>>> print(open('data_14.cif').read())   # mmCIF, C-alpha atoms and all ligand atoms
data_work
loop_
_atom_site.group_PDB
_atom_site.id
_atom_site.type_symbol
_atom_site.label_atom_id
_atom_site.label_comp_id
_atom_site.auth_asym_id
_atom_site.auth_seq_id
_atom_site.Cartn_x
_atom_site.Cartn_y
_atom_site.Cartn_z
ATOM 1 C CA MET R 1 -19.100 22.025 -1.704
ATOM 2 C CA ASN R 2 -21.063 18.775 -1.423
ATOM 3 C CA THR R 3 -21.777 17.291 2.000
ATOM 4 C CA LEU R 4 -20.347 13.931 3.003
ATOM 5 C CA GLU R 5 -23.853 12.417 2.649
ATOM 6 C CA THR R 6 -24.134 13.606 -0.967
ATOM 7 C CA GLU R 7 -20.645 12.361 -1.763
ATOM 8 C CA LEU R 8 -21.418 8.943 -0.247
ATOM 9 C CA GLU R 9 -24.551 8.706 -2.407
ATOM 10 C CA ARG R 10 -22.545 9.676 -5.509
ATOM 11 C CA ALA R 11 -19.860 7.090 -4.651
ATOM 12 C CA ALA R 12 -22.478 4.366 -4.204
ATOM 13 C CA ALA R 13 -24.154 5.317 -7.507
ATOM 14 C CA ALA R 14 -20.825 5.099 -9.374
ATOM 15 C CA LEU R 15 -20.052 1.723 -7.793
ATOM 16 C CA ARG R 16 -23.517 0.316 -8.598
ATOM 17 C CA LYS R 17 -22.890 1.004 -12.294
ATOM 18 C CA ALA R 18 -19.254 -0.163 -12.327
ATOM 19 C CA SER R 19 -18.157 -3.309 -14.124
ATOM 20 C CA ARG R 20 -14.560 -3.188 -12.884
ATOM 21 C CA VAL R 21 -13.304 -1.497 -9.727
ATOM 22 C CA ALA R 22 -9.739 -0.890 -8.569
ATOM 23 C CA VAL R 23 -8.498 0.498 -5.276
ATOM 24 C CA LEU R 24 -5.198 2.280 -4.683
ATOM 25 C CA SER R 25 -4.452 2.094 -0.977
ATOM 26 C CA GLY R 26 -1.780 3.657 1.200
ATOM 27 C CA ALA R 27 -0.711 3.805 4.822
ATOM 28 C CA GLY R 28 -3.853 5.695 5.939
ATOM 29 C CA ALA R 29 -5.932 2.595 5.142
ATOM 30 C CA SER R 30 -4.154 0.848 8.031
ATOM 31 C CA ALA R 31 -3.981 3.836 10.395
ATOM 32 C CA GLU R 32 -7.116 2.821 12.291
ATOM 33 C CA SER R 33 -5.550 -0.602 12.849
ATOM 34 C CA GLY R 34 -2.751 1.176 14.708
ATOM 35 C CA VAL R 35 -0.108 1.064 11.947
ATOM 36 C CA PRO R 36 1.712 4.424 11.719
ATOM 37 C CA THR R 37 1.642 6.340 8.426
ATOM 38 C CA PHE R 38 4.816 7.837 6.941
ATOM 39 C CA ARG R 39 4.314 11.556 6.519
ATOM 40 C CA ALA R 40 2.119 12.532 9.490
ATOM 41 C CA SER R 41 3.648 14.631 12.300
ATOM 42 C CA ASP R 42 3.884 11.411 14.364
ATOM 43 C CA GLY R 43 4.658 9.309 11.275
ATOM 44 C CA LEU R 44 7.584 6.988 10.529
ATOM 45 C CA TRP R 45 9.557 9.630 8.613
ATOM 46 C CA GLU R 46 9.541 11.929 11.678
ATOM 47 C CA ASP R 47 11.782 9.540 13.625
ATOM 48 C CA HIS R 48 13.742 7.983 10.759
ATOM 49 C CA ARG R 49 15.641 9.484 7.859
ATOM 50 C CA ILE R 50 14.364 8.025 4.578
ATOM 51 C CA GLU R 51 17.942 7.784 3.237
ATOM 52 C CA ASP R 52 18.987 5.700 6.259
ATOM 53 C CA VAL R 53 16.205 3.114 6.349
ATOM 54 C CA ALA R 54 14.444 3.126 2.967
ATOM 55 C CA THR R 55 17.162 3.203 0.308
ATOM 56 C CA PRO R 56 19.605 0.535 -0.945
ATOM 57 C CA THR R 57 22.480 2.874 0.006
ATOM 58 C CA GLY R 58 21.195 3.086 3.591
ATOM 59 C CA PHE R 59 21.000 -0.705 3.775
ATOM 60 C CA ARG R 60 24.550 -1.140 2.461
ATOM 61 C CA ARG R 61 25.809 1.454 4.949
ATOM 62 C CA ASP R 62 24.028 0.166 8.081
ATOM 63 C CA PRO R 63 22.080 -3.074 7.639
ATOM 64 C CA LEU R 64 21.646 -3.473 11.411
ATOM 65 C CA LEU R 65 19.814 -0.157 11.653
ATOM 66 C CA VAL R 66 17.576 -1.084 8.708
ATOM 67 C CA TRP R 67 16.785 -4.523 10.156
ATOM 68 C CA ARG R 68 16.021 -2.941 13.542
ATOM 69 C CA PHE R 69 13.523 -0.625 11.788
ATOM 70 C CA TYR R 70 11.851 -3.490 9.896
ATOM 71 C CA ASN R 71 11.919 -5.946 12.804
ATOM 72 C CA LEU R 72 10.117 -3.400 15.013
ATOM 73 C CA ARG R 73 7.517 -2.935 12.279
ATOM 74 C CA ARG R 74 7.166 -6.720 11.835
ATOM 75 C CA GLU R 75 6.529 -7.109 15.577
ATOM 76 C CA ALA R 76 4.013 -4.259 15.586
ATOM 77 C CA VAL R 77 2.074 -5.532 12.553
ATOM 78 C CA ALA R 78 1.897 -9.043 14.026
ATOM 79 C CA LYS R 79 -0.208 -7.574 16.856
ATOM 80 C CA VAL R 80 -2.721 -5.532 14.832
ATOM 81 C CA HIS R 81 -5.907 -6.484 13.002
ATOM 82 C CA PRO R 82 -7.662 -5.362 9.847
ATOM 83 C CA ASN R 83 -10.033 -2.457 10.463
ATOM 84 C CA ALA R 84 -13.558 -1.806 9.201
ATOM 85 C CA GLY R 85 -12.184 -0.175 6.026
ATOM 86 C CA HIS R 86 -10.154 -3.283 5.079
ATOM 87 C CA LEU R 87 -13.194 -5.465 5.823
ATOM 88 C CA ALA R 88 -15.483 -3.284 3.676
ATOM 89 C CA LEU R 89 -13.074 -3.580 0.712
ATOM 90 C CA ALA R 90 -12.993 -7.375 1.117
ATOM 91 C CA GLU R 91 -16.809 -7.382 1.094
ATOM 92 C CA PHE R 92 -16.871 -5.233 -2.091
ATOM 93 C CA GLU R 93 -14.714 -7.893 -3.747
ATOM 94 C CA ARG R 94 -17.040 -10.717 -2.606
ATOM 95 C CA ARG R 95 -19.891 -8.847 -4.308
ATOM 96 C CA MET R 96 -18.033 -8.543 -7.628
ATOM 97 C CA PRO R 97 -15.567 -11.471 -7.739
ATOM 98 C CA GLY R 98 -12.899 -11.283 -10.434
ATOM 99 C CA ARG R 99 -13.772 -7.649 -11.130
ATOM 100 C CA PHE R 100 -12.301 -5.971 -8.063
ATOM 101 C CA THR R 101 -8.590 -5.396 -7.414
ATOM 102 C CA VAL R 102 -6.750 -3.812 -4.537
ATOM 103 C CA ILE R 103 -3.493 -2.174 -5.624
ATOM 104 C CA THR R 104 -1.693 -1.439 -2.388
ATOM 105 C CA GLN R 105 1.437 0.450 -1.439
ATOM 106 C CA ASN R 106 1.207 -1.124 2.011
ATOM 107 C CA ILE R 107 3.471 -3.948 3.071
ATOM 108 C CA ASP R 108 1.453 -4.997 6.147
ATOM 109 C CA GLY R 109 -0.710 -7.730 4.569
ATOM 110 C CA LEU R 110 -3.852 -6.377 6.250
ATOM 111 C CA HIS R 111 -5.967 -6.373 3.073
ATOM 112 C CA GLN R 112 -5.295 -10.100 2.647
ATOM 113 C CA ARG R 113 -5.967 -10.773 6.342
ATOM 114 C CA ALA R 114 -9.319 -8.978 5.935
ATOM 115 C CA GLY R 115 -10.230 -11.419 3.151
ATOM 116 C CA SER R 116 -9.273 -9.511 -0.017
ATOM 117 C CA LEU R 117 -8.055 -12.067 -2.576
ATOM 118 C CA ASN R 118 -7.013 -9.968 -5.524
ATOM 119 C CA VAL R 119 -4.270 -7.821 -4.012
ATOM 120 C CA LEU R 120 -1.286 -6.357 -5.877
ATOM 121 C CA GLU R 121 1.510 -5.318 -3.517
ATOM 122 C CA LEU R 122 3.425 -2.552 -5.277
ATOM 123 C CA HIS R 123 6.009 -2.055 -2.515
ATOM 124 C CA GLY R 124 6.529 -5.675 -1.441
ATOM 125 C CA SER R 125 5.747 -7.330 1.871
ATOM 126 C CA LEU R 126 6.977 -6.961 5.428
ATOM 127 C CA ALA R 127 6.606 -10.705 5.912
ATOM 128 C CA ARG R 128 8.961 -11.650 3.067
ATOM 129 C CA THR R 129 12.760 -11.723 2.985
ATOM 130 C CA ARG R 130 14.974 -11.743 -0.099
ATOM 131 C CA CYS R 131 18.521 -13.116 -0.301
ATOM 132 C CA THR R 132 20.977 -10.466 -1.479
ATOM 133 C CA SER R 133 23.277 -13.064 -3.049
ATOM 134 C CA GLU R 134 22.755 -12.821 -6.826
ATOM 135 C CA ARG R 135 23.226 -16.580 -7.219
ATOM 136 C CA CYS R 136 20.495 -17.353 -4.692
ATOM 137 C CA ASP R 137 17.957 -14.473 -4.757
ATOM 138 C CA THR R 138 15.473 -16.644 -2.788
ATOM 139 C CA VAL R 139 12.316 -14.868 -1.672
ATOM 140 C CA GLU R 140 10.530 -16.388 1.313
ATOM 141 C CA ASP R 141 7.484 -15.587 3.381
ATOM 142 C CA ARG R 142 8.699 -15.720 6.984
ATOM 143 C CA GLY R 143 5.422 -14.514 8.500
ATOM 144 C CA PHE R 144 6.162 -12.513 11.620
ATOM 145 C CA GLU R 145 8.620 -14.891 13.286
ATOM 146 C CA PRO R 146 11.497 -12.982 14.945
ATOM 147 C CA LEU R 147 14.373 -12.673 12.466
ATOM 148 C CA GLY R 148 17.259 -11.372 14.505
ATOM 149 C CA GLU R 149 19.582 -8.440 13.947
ATOM 150 C CA ARG R 150 21.262 -9.583 10.743
ATOM 151 C CA PRO R 151 19.322 -12.555 9.369
ATOM 152 C CA LEU R 152 21.087 -14.954 6.996
ATOM 153 C CA CYS R 153 19.662 -16.988 4.140
ATOM 154 C CA PRO R 154 18.830 -20.558 5.295
ATOM 155 C CA HIS R 155 19.771 -21.834 1.797
ATOM 156 C CA CYS R 156 23.103 -20.167 0.981
ATOM 157 C CA GLY R 157 24.118 -18.247 4.114
ATOM 158 C CA GLY R 158 23.934 -14.920 2.238
ATOM 159 C CA PHE R 159 22.601 -11.740 3.805
ATOM 160 C CA LEU R 160 18.864 -11.293 3.748
ATOM 161 C CA ARG R 161 17.023 -8.040 3.175
ATOM 162 C CA PRO R 162 13.349 -7.185 3.592
ATOM 163 C CA ASP R 163 11.475 -7.880 0.328
ATOM 164 C CA VAL R 164 10.199 -4.322 0.075
ATOM 165 C CA VAL R 165 10.734 -1.577 -2.496
ATOM 166 C CA TRP R 166 12.988 1.236 -1.344
ATOM 167 C CA PHE R 167 13.483 4.610 -3.007
ATOM 168 C CA HIS R 168 15.458 4.414 -6.281
ATOM 169 C CA GLU R 169 14.445 0.773 -6.728
ATOM 170 C CA PRO R 170 12.099 -0.417 -9.474
ATOM 171 C CA LEU R 171 8.707 -1.834 -8.549
ATOM 172 C CA PRO R 172 8.315 -5.595 -9.193
ATOM 173 C CA PRO R 173 7.692 -5.521 -12.973
ATOM 174 C CA VAL R 174 4.985 -8.226 -13.136
ATOM 175 C CA VAL R 175 3.018 -6.647 -10.285
ATOM 176 C CA TRP R 176 3.364 -3.186 -11.822
ATOM 177 C CA ARG R 177 2.188 -4.373 -15.261
ATOM 178 C CA LYS R 178 -0.891 -6.012 -13.674
ATOM 179 C CA ALA R 179 -1.608 -2.836 -11.681
ATOM 180 C CA GLU R 180 -1.365 -0.671 -14.811
ATOM 181 C CA LYS R 181 -3.745 -3.045 -16.605
ATOM 182 C CA GLU R 182 -6.299 -3.069 -13.780
ATOM 183 C CA ALA R 183 -6.112 0.711 -13.422
ATOM 184 C CA GLY R 184 -6.451 1.227 -17.172
ATOM 185 C CA GLU R 185 -9.521 -1.018 -17.367
ATOM 186 C CA CYS R 186 -11.457 -0.027 -14.233
ATOM 187 C CA ASP R 187 -14.420 2.311 -14.360
ATOM 188 C CA VAL R 188 -14.149 3.294 -10.695
ATOM 189 C CA LEU R 189 -10.896 3.854 -8.802
ATOM 190 C CA ILE R 190 -11.090 4.238 -5.011
ATOM 191 C CA VAL R 191 -7.996 6.013 -3.659
ATOM 192 C CA VAL R 192 -7.729 5.270 0.058
ATOM 193 C CA GLY R 193 -5.358 6.708 2.646
ATOM 194 C CA THR R 194 -2.473 7.819 0.466
ATOM 195 C CA SER R 195 -0.771 11.188 0.168
ATOM 196 C CA ALA R 196 -0.172 10.244 -3.511
ATOM 197 C CA VAL R 197 3.306 11.743 -3.527
ATOM 198 C CA VAL R 198 5.286 8.575 -4.224
ATOM 199 C CA TYR R 199 5.752 7.503 -7.833
ATOM 200 C CA PRO R 200 5.152 5.434 -9.836
ATOM 201 C CA ALA R 201 2.352 4.298 -7.448
ATOM 202 C CA ALA R 202 0.605 7.690 -7.648
ATOM 203 C CA SER R 203 0.464 7.470 -11.446
ATOM 204 C CA ILE R 204 -2.199 4.735 -11.049
ATOM 205 C CA ILE R 205 -4.646 7.663 -10.681
ATOM 206 C CA PRO R 206 -3.997 9.339 -14.070
ATOM 207 C CA ILE R 207 -3.713 5.867 -15.663
ATOM 208 C CA ALA R 208 -7.274 5.104 -14.485
ATOM 209 C CA ARG R 209 -8.569 8.459 -15.718
ATOM 210 C CA GLU R 210 -6.905 8.196 -19.088
ATOM 211 C CA GLY R 211 -7.638 4.471 -19.581
ATOM 212 C CA ASN R 212 -11.370 4.071 -19.144
ATOM 213 C CA ASN R 213 -12.255 7.553 -17.933
ATOM 214 C CA ALA R 214 -12.678 6.048 -14.445
ATOM 215 C CA VAL R 215 -14.606 7.862 -11.747
ATOM 216 C CA VAL R 216 -12.046 8.556 -8.994
ATOM 217 C CA ILE R 217 -13.262 8.442 -5.387
ATOM 218 C CA GLU R 218 -10.804 9.759 -2.803
ATOM 219 C CA CYS R 219 -11.152 8.507 0.808
ATOM 220 C CA ASN R 220 -8.802 10.402 3.087
ATOM 221 C CA LEU R 221 -8.771 12.547 6.199
ATOM 222 C CA THR R 222 -7.684 15.536 4.120
ATOM 223 C CA ARG R 223 -7.214 16.682 0.552
ATOM 224 C CA THR R 224 -4.010 15.391 -1.058
ATOM 225 C CA ASP R 225 -2.065 15.497 -4.311
ATOM 226 C CA ALA R 226 -4.747 13.109 -5.653
ATOM 227 C CA SER R 227 -7.651 15.464 -4.921
ATOM 228 C CA GLY R 228 -7.314 17.406 -8.170
ATOM 229 C CA HIS R 229 -8.014 14.154 -10.061
ATOM 230 C CA ALA R 230 -10.896 13.065 -7.804
ATOM 231 C CA ASP R 231 -14.547 13.279 -8.876
ATOM 232 C CA ILE R 232 -15.818 12.398 -5.420
ATOM 233 C CA GLY R 233 -14.164 13.218 -2.081
ATOM 234 C CA LEU R 234 -15.006 11.309 1.077
ATOM 235 C CA TYR R 235 -13.087 13.168 3.761
ATOM 236 C CA GLY R 236 -13.062 11.265 7.054
ATOM 237 C CA PRO R 237 -11.503 8.059 8.430
ATOM 238 C CA SER R 238 -11.691 5.304 5.791
ATOM 239 C CA GLY R 239 -12.709 2.854 8.542
ATOM 240 C CA GLN R 240 -15.948 4.829 8.622
ATOM 241 C CA THR R 241 -16.471 6.045 5.051
ATOM 242 C CA LEU R 242 -15.842 2.708 3.282
ATOM 243 C CA PRO R 243 -18.425 0.753 5.360
ATOM 244 C CA ARG R 244 -20.882 3.606 4.786
ATOM 245 C CA ILE R 245 -20.569 3.312 0.998
ATOM 246 C CA LEU R 246 -21.092 -0.449 1.340
ATOM 247 C CA SER R 247 -24.271 0.091 3.353
ATOM 248 C CA LEU R 248 -25.685 2.194 0.485
ATOM 249 C CA LEU R 249 -25.081 -0.404 -2.249
HETATM 250 C C1 LIG R 301 -6.067 8.454 6.392
HETATM 251 C C2 LIG R 301 -6.309 8.004 7.656
HETATM 252 C C3 LIG R 301 -7.526 7.375 7.840
HETATM 253 C C4 LIG R 301 -4.417 8.881 7.737
HETATM 254 N N1 LIG R 301 -8.366 7.243 6.827
HETATM 255 N N2 LIG R 301 -6.917 8.329 5.393
HETATM 256 C C5 LIG R 301 8.309 10.735 -10.614
HETATM 257 C C6 LIG R 301 8.166 12.005 -10.073
HETATM 258 C C7 LIG R 301 8.824 12.345 -8.897
HETATM 259 C C8 LIG R 301 9.623 11.421 -8.232
HETATM 260 C C9 LIG R 301 9.769 10.180 -8.748
HETATM 261 C C10 LIG R 301 9.105 9.844 -9.921
HETATM 262 N N3 LIG R 301 9.411 8.540 -10.202
HETATM 263 C C11 LIG R 301 10.224 8.066 -9.248
HETATM 264 C C12 LIG R 301 10.474 9.031 -8.351
HETATM 265 C C13 LIG R 301 11.350 8.871 -7.150
HETATM 266 C C14 LIG R 301 10.685 8.208 -5.981
HETATM 267 C C15 LIG R 301 9.552 9.142 -5.508
HETATM 268 O O1 LIG R 301 8.395 8.906 -5.749
HETATM 269 N N4 LIG R 301 9.898 10.181 -4.793
HETATM 270 C C16 LIG R 301 8.898 11.147 -4.314
HETATM 271 C C17 LIG R 301 8.777 11.051 -2.775
HETATM 272 C C18 LIG R 301 9.284 12.514 -4.779
HETATM 273 N N5 LIG R 301 10.185 6.879 -6.314
HETATM 274 C C19 LIG R 301 10.957 5.802 -6.240
HETATM 275 O O2 LIG R 301 12.144 5.873 -5.925
HETATM 276 C C20 LIG R 301 10.311 4.478 -6.618
HETATM 277 N N6 LIG R 301 11.156 3.774 -7.529
HETATM 278 C C21 LIG R 301 11.317 4.173 -8.774
HETATM 279 O O3 LIG R 301 10.700 5.074 -9.276
HETATM 280 O O4 LIG R 301 12.239 3.428 -9.450
HETATM 281 C C22 LIG R 301 12.606 3.812 -10.777
HETATM 282 C C23 LIG R 301 13.667 2.845 -11.219
HETATM 283 C C24 LIG R 301 13.493 2.207 -12.439
HETATM 284 C C25 LIG R 301 14.476 1.312 -12.881
HETATM 285 C C26 LIG R 301 15.595 1.059 -12.084
HETATM 286 C C27 LIG R 301 15.750 1.694 -10.881
HETATM 287 C C28 LIG R 301 14.772 2.588 -10.432
HETATM 288 C C29 LIG R 301 10.186 3.565 -5.392
HETATM 289 C C30 LIG R 301 9.302 4.122 -4.328
HETATM 290 C C31 LIG R 301 9.329 3.194 -3.113
HETATM 291 C C32 LIG R 301 8.586 3.774 -1.923
HETATM 292 N N7 LIG R 301 8.853 2.980 -0.776
HETATM 293 C C33 LIG R 301 8.193 3.267 0.496
HETATM 294 C C34 LIG R 301 8.802 2.315 1.546
HETATM 295 C C35 LIG R 301 8.293 0.885 1.266
HETATM 296 C C36 LIG R 301 8.675 -0.080 2.313
HETATM 297 C C37 LIG R 301 8.173 0.309 3.677
HETATM 298 O O5 LIG R 301 6.961 0.464 3.919
HETATM 299 O O6 LIG R 301 9.018 0.429 4.541
HETATM 300 O O7 LIG R 301 6.787 3.064 0.379
HETATM 301 S S1 LIG R 301 8.281 4.983 0.988
HETATM 302 C C38 LIG R 301 6.676 5.061 1.688
HETATM 303 O O8 LIG R 301 5.828 5.977 0.945
HETATM 304 C C39 LIG R 301 6.073 3.667 1.487
HETATM 305 C C40 LIG R 301 4.651 3.990 1.113
HETATM 306 O O9 LIG R 301 4.078 2.899 0.436
HETATM 307 C C41 LIG R 301 4.807 5.220 0.271
HETATM 308 C C42 LIG R 301 3.554 6.034 0.128
HETATM 309 O O10 LIG R 301 3.138 6.568 1.343
HETATM 310 P P1 LIG R 301 1.594 6.615 1.688
HETATM 311 O O11 LIG R 301 1.070 5.255 1.791
HETATM 312 O O12 LIG R 301 0.902 7.529 0.764
HETATM 313 O O13 LIG R 301 1.645 7.207 3.197
HETATM 314 P P2 LIG R 301 1.663 8.733 3.694
HETATM 315 O O14 LIG R 301 2.084 8.716 5.110
HETATM 316 O O15 LIG R 301 2.413 9.607 2.769
HETATM 317 O O16 LIG R 301 0.127 9.176 3.586
HETATM 318 C C43 LIG R 301 -0.870 8.645 4.421
HETATM 319 C C44 LIG R 301 -2.187 9.254 4.021
HETATM 320 O O17 LIG R 301 -3.210 8.634 4.772
HETATM 321 C C45 LIG R 301 -2.280 10.769 4.320
HETATM 322 O O18 LIG R 301 -2.794 11.418 3.171
HETATM 323 C C46 LIG R 301 -3.270 10.855 5.482
HETATM 324 O O19 LIG R 301 -4.079 12.029 5.438
HETATM 325 C C47 LIG R 301 -4.106 9.618 5.240
HETATM 326 N N8 LIG R 301 -4.751 9.071 6.415
HETATM 327 N N9 LIG R 301 -5.176 8.332 8.452
HETATM 328 C C48 LIG R 301 -7.992 7.774 5.605
HETATM 329 N N10 LIG R 301 -7.857 6.914 9.080
#
>>> encode(input="data_14.cif", output="structure tokens")
Amino acid sequence: MNTLETELERAAAALRKASRVAVLSGAGASAESGVPTFRASDGLWEDHRIEDVATPTGFRRDPLLVWRFYNLRREAVAKVHPNAGHLALAEFERRMPGRFTVITQNIDGLHQRAGSLNVLELHGSLARTRCTSERCDTVEDRGFEPLGERPLCPHCGGFLRPDVVWFHEPLPPVVWRKAEKEAGECDVLIVVGTSAVVYPAASIIPIAREGNNAVVIECNLTRTDASGHADIGLYGPSGQTLPRILSLL
């Protein structure tokens, strides 16, 4: 088994040679900012049933409960800041503009707040609302202003929902097509802070391998479902490992 030092050197060598780099990030990328992950023992799915708060059926059944869940998360995210891992990824992009893409499952906007420009949000955004009335369907960025228990559309009075992707819902098609393209064309894929159990997001990893035979670098606290596809494993907090790769470039 290689040491962390060796793996960092190998990651830096792969990145030095790369012409296109993509990142697949998950909740662990924001953990050091104080945003809870989903599947940890103290994670969001410990206290909430997925079917209640993260499915269209749950929302139809009890929209107040779902809005309470998302409003609490909106308030919490408004108070946190990007961590050293987010900042390192933004710096990578500055060093290879137009050739670096962050494909994120996160809805917290922290990559963008760290300065990343080319960000594809697979699962939507905590800041945005979407009108559930088919005739309206307006999507708006409401930032982190308080939204109330059952917010209504300012344009048509219809019920609003968070503009996020719940289980059994399709990913936004344009975003997904761009993500597939970036993954298929990259020569390095950095997989940061995801358990890689949720699809189709997790299929970005085989897409990158099969597309351009990308070198896959996993940055996580532990091995995951992605580890079998990874060429390089950087096991430790991504707020530490990502800046260390940067310092070797
Ligand atoms: C650190 C760290 C540190 C900690 N440093 N690391 C194919 C196979 C099997 C199932 C399916 C399939 N295709 C579809 C499915 C069904 C389903 C699915 O995937 N189910 C599986 C769970 C079995 N997928 C869907 O339903 C998707 N839709 C779909 O497929 O639609 C098809 C369709 C087509 C046409 C019409 C209709 C439908 C949608 C999935 C949506 C997922 N949504 C959520 C909620 C989003 C909104 C919100 O945030 O509230 O997305 S669920 C939740 O999981 C959230 C996350 O983005 C996602 C992934 O979680 P993530 O980020 O990996 O977090 P964790 O907690 O799991 O992991 C954290 C990791 O960080 C851990 O590994 C830690 O070790 C690590 N970590 N600290 C580095 N400091």
>>> residues_around(input="data_14.cif", residues="segment 171-187 of chain R", least_positions_apart="3", cutoff="10 Å", atoms="all atoms listed in the file", output="MDAnalysis selection string")
chainID R and resid 14:15 17:24 99:104 119:124 164:168 199:201 203:216
>>> resolve_selection(input="data_14.cif", expression="the PyMOL selection byres (((not hetatm)) within 8 of (chain R and resi 301))", output="MDAnalysis selection string")
chainID R and resid 25:32 36:40 43:44 50 53:54 70 104:107 122:126 164:171 192:201 219:224 235:239
>>> write_last_selection(input="data_14.cif", atoms="C-alpha atoms", output="PDB file, in the coordinates of the input")
ATOM      1  CA  SER R  25      -4.452   2.094  -0.977  1.00  0.00           C
ATOM      2  CA  GLY R  26      -1.780   3.657   1.200  1.00  0.00           C
ATOM      3  CA  ALA R  27      -0.711   3.805   4.822  1.00  0.00           C
ATOM      4  CA  GLY R  28      -3.853   5.695   5.939  1.00  0.00           C
ATOM      5  CA  ALA R  29      -5.932   2.595   5.142  1.00  0.00           C
ATOM      6  CA  SER R  30      -4.154   0.848   8.031  1.00  0.00           C
ATOM      7  CA  ALA R  31      -3.981   3.836  10.395  1.00  0.00           C
ATOM      8  CA  GLU R  32      -7.116   2.821  12.291  1.00  0.00           C
ATOM      9  CA  PRO R  36       1.712   4.424  11.719  1.00  0.00           C
ATOM     10  CA  THR R  37       1.642   6.340   8.426  1.00  0.00           C
ATOM     11  CA  PHE R  38       4.816   7.837   6.941  1.00  0.00           C
ATOM     12  CA  ARG R  39       4.314  11.556   6.519  1.00  0.00           C
ATOM     13  CA  ALA R  40       2.119  12.532   9.490  1.00  0.00           C
ATOM     14  CA  GLY R  43       4.658   9.309  11.275  1.00  0.00           C
ATOM     15  CA  LEU R  44       7.584   6.988  10.529  1.00  0.00           C
ATOM     16  CA  ILE R  50      14.364   8.025   4.578  1.00  0.00           C
ATOM     17  CA  VAL R  53      16.205   3.114   6.349  1.00  0.00           C
ATOM     18  CA  ALA R  54      14.444   3.126   2.967  1.00  0.00           C
ATOM     19  CA  TYR R  70      11.851  -3.490   9.896  1.00  0.00           C
ATOM     20  CA  THR R 104      -1.693  -1.439  -2.388  1.00  0.00           C
ATOM     21  CA  GLN R 105       1.437   0.450  -1.439  1.00  0.00           C
ATOM     22  CA  ASN R 106       1.207  -1.124   2.011  1.00  0.00           C
ATOM     23  CA  ILE R 107       3.471  -3.948   3.071  1.00  0.00           C
ATOM     24  CA  LEU R 122       3.425  -2.552  -5.277  1.00  0.00           C
ATOM     25  CA  HIS R 123       6.009  -2.055  -2.515  1.00  0.00           C
ATOM     26  CA  GLY R 124       6.529  -5.675  -1.441  1.00  0.00           C
ATOM     27  CA  SER R 125       5.747  -7.330   1.871  1.00  0.00           C
ATOM     28  CA  LEU R 126       6.977  -6.961   5.428  1.00  0.00           C
ATOM     29  CA  VAL R 164      10.199  -4.322   0.075  1.00  0.00           C
ATOM     30  CA  VAL R 165      10.734  -1.577  -2.496  1.00  0.00           C
ATOM     31  CA  TRP R 166      12.988   1.236  -1.344  1.00  0.00           C
ATOM     32  CA  PHE R 167      13.483   4.610  -3.007  1.00  0.00           C
ATOM     33  CA  HIS R 168      15.458   4.414  -6.281  1.00  0.00           C
ATOM     34  CA  GLU R 169      14.445   0.773  -6.728  1.00  0.00           C
ATOM     35  CA  PRO R 170      12.099  -0.417  -9.474  1.00  0.00           C
ATOM     36  CA  LEU R 171       8.707  -1.834  -8.549  1.00  0.00           C
ATOM     37  CA  VAL R 192      -7.729   5.270   0.058  1.00  0.00           C
ATOM     38  CA  GLY R 193      -5.358   6.708   2.646  1.00  0.00           C
ATOM     39  CA  THR R 194      -2.473   7.819   0.466  1.00  0.00           C
ATOM     40  CA  SER R 195      -0.771  11.188   0.168  1.00  0.00           C
ATOM     41  CA  ALA R 196      -0.172  10.244  -3.511  1.00  0.00           C
ATOM     42  CA  VAL R 197       3.306  11.743  -3.527  1.00  0.00           C
ATOM     43  CA  VAL R 198       5.286   8.575  -4.224  1.00  0.00           C
ATOM     44  CA  TYR R 199       5.752   7.503  -7.833  1.00  0.00           C
ATOM     45  CA  PRO R 200       5.152   5.434  -9.836  1.00  0.00           C
ATOM     46  CA  ALA R 201       2.352   4.298  -7.448  1.00  0.00           C
ATOM     47  CA  CYS R 219     -11.152   8.507   0.808  1.00  0.00           C
ATOM     48  CA  ASN R 220      -8.802  10.402   3.087  1.00  0.00           C
ATOM     49  CA  LEU R 221      -8.771  12.547   6.199  1.00  0.00           C
ATOM     50  CA  THR R 222      -7.684  15.536   4.120  1.00  0.00           C
ATOM     51  CA  ARG R 223      -7.214  16.682   0.552  1.00  0.00           C
ATOM     52  CA  THR R 224      -4.010  15.391  -1.058  1.00  0.00           C
ATOM     53  CA  TYR R 235     -13.087  13.168   3.761  1.00  0.00           C
ATOM     54  CA  GLY R 236     -13.062  11.265   7.054  1.00  0.00           C
ATOM     55  CA  PRO R 237     -11.503   8.059   8.430  1.00  0.00           C
ATOM     56  CA  SER R 238     -11.691   5.304   5.791  1.00  0.00           C
ATOM     57  CA  GLY R 239     -12.709   2.854   8.542  1.00  0.00           C
TER      58      GLY R 239
END
>>> residues_around(input="data_14.cif", residues="segment 76-78 of chain R", least_positions_apart="3", cutoff="12 Å", atoms="only C-alpha atoms", output="PyMOL selection string")
chain R and resi 30-31+33-36+69-73+81-82+106-110+113+125-127+142-146
>>> atom_distance(input="data_14.cif", atom1="atom CA of Glu5 of chain R", atom2="atom CA of Leu189 of chain R")
19.3 Å
>>> closest_residue(input="data_14.cif", among="R:Leu242, R:Ala230, R:Val66, R:Val191", to="Leu87 of chain R", atoms="only C-alpha atoms")
R:Leu242
>>> residues_around(input="data_14.cif", residues="Thr132 of chain R", least_positions_apart="4", cutoff="8 Å", atoms="all atoms listed in the file", output="VMD selection string")
chain R and resid 136 to 137 158 to 161
>>> write_last_selection(input="data_14.cif", atoms="C-alpha atoms", output="PDB file, keeping the file's coordinate frame")
ATOM      1  CA  CYS R 136      20.495 -17.353  -4.692  1.00  0.00           C
ATOM      2  CA  ASP R 137      17.957 -14.473  -4.757  1.00  0.00           C
ATOM      3  CA  GLY R 158      23.934 -14.920   2.238  1.00  0.00           C
ATOM      4  CA  PHE R 159      22.601 -11.740   3.805  1.00  0.00           C
ATOM      5  CA  LEU R 160      18.864 -11.293   3.748  1.00  0.00           C
ATOM      6  CA  ARG R 161      17.023  -8.040   3.175  1.00  0.00           C
TER       7      ARG R 161
END
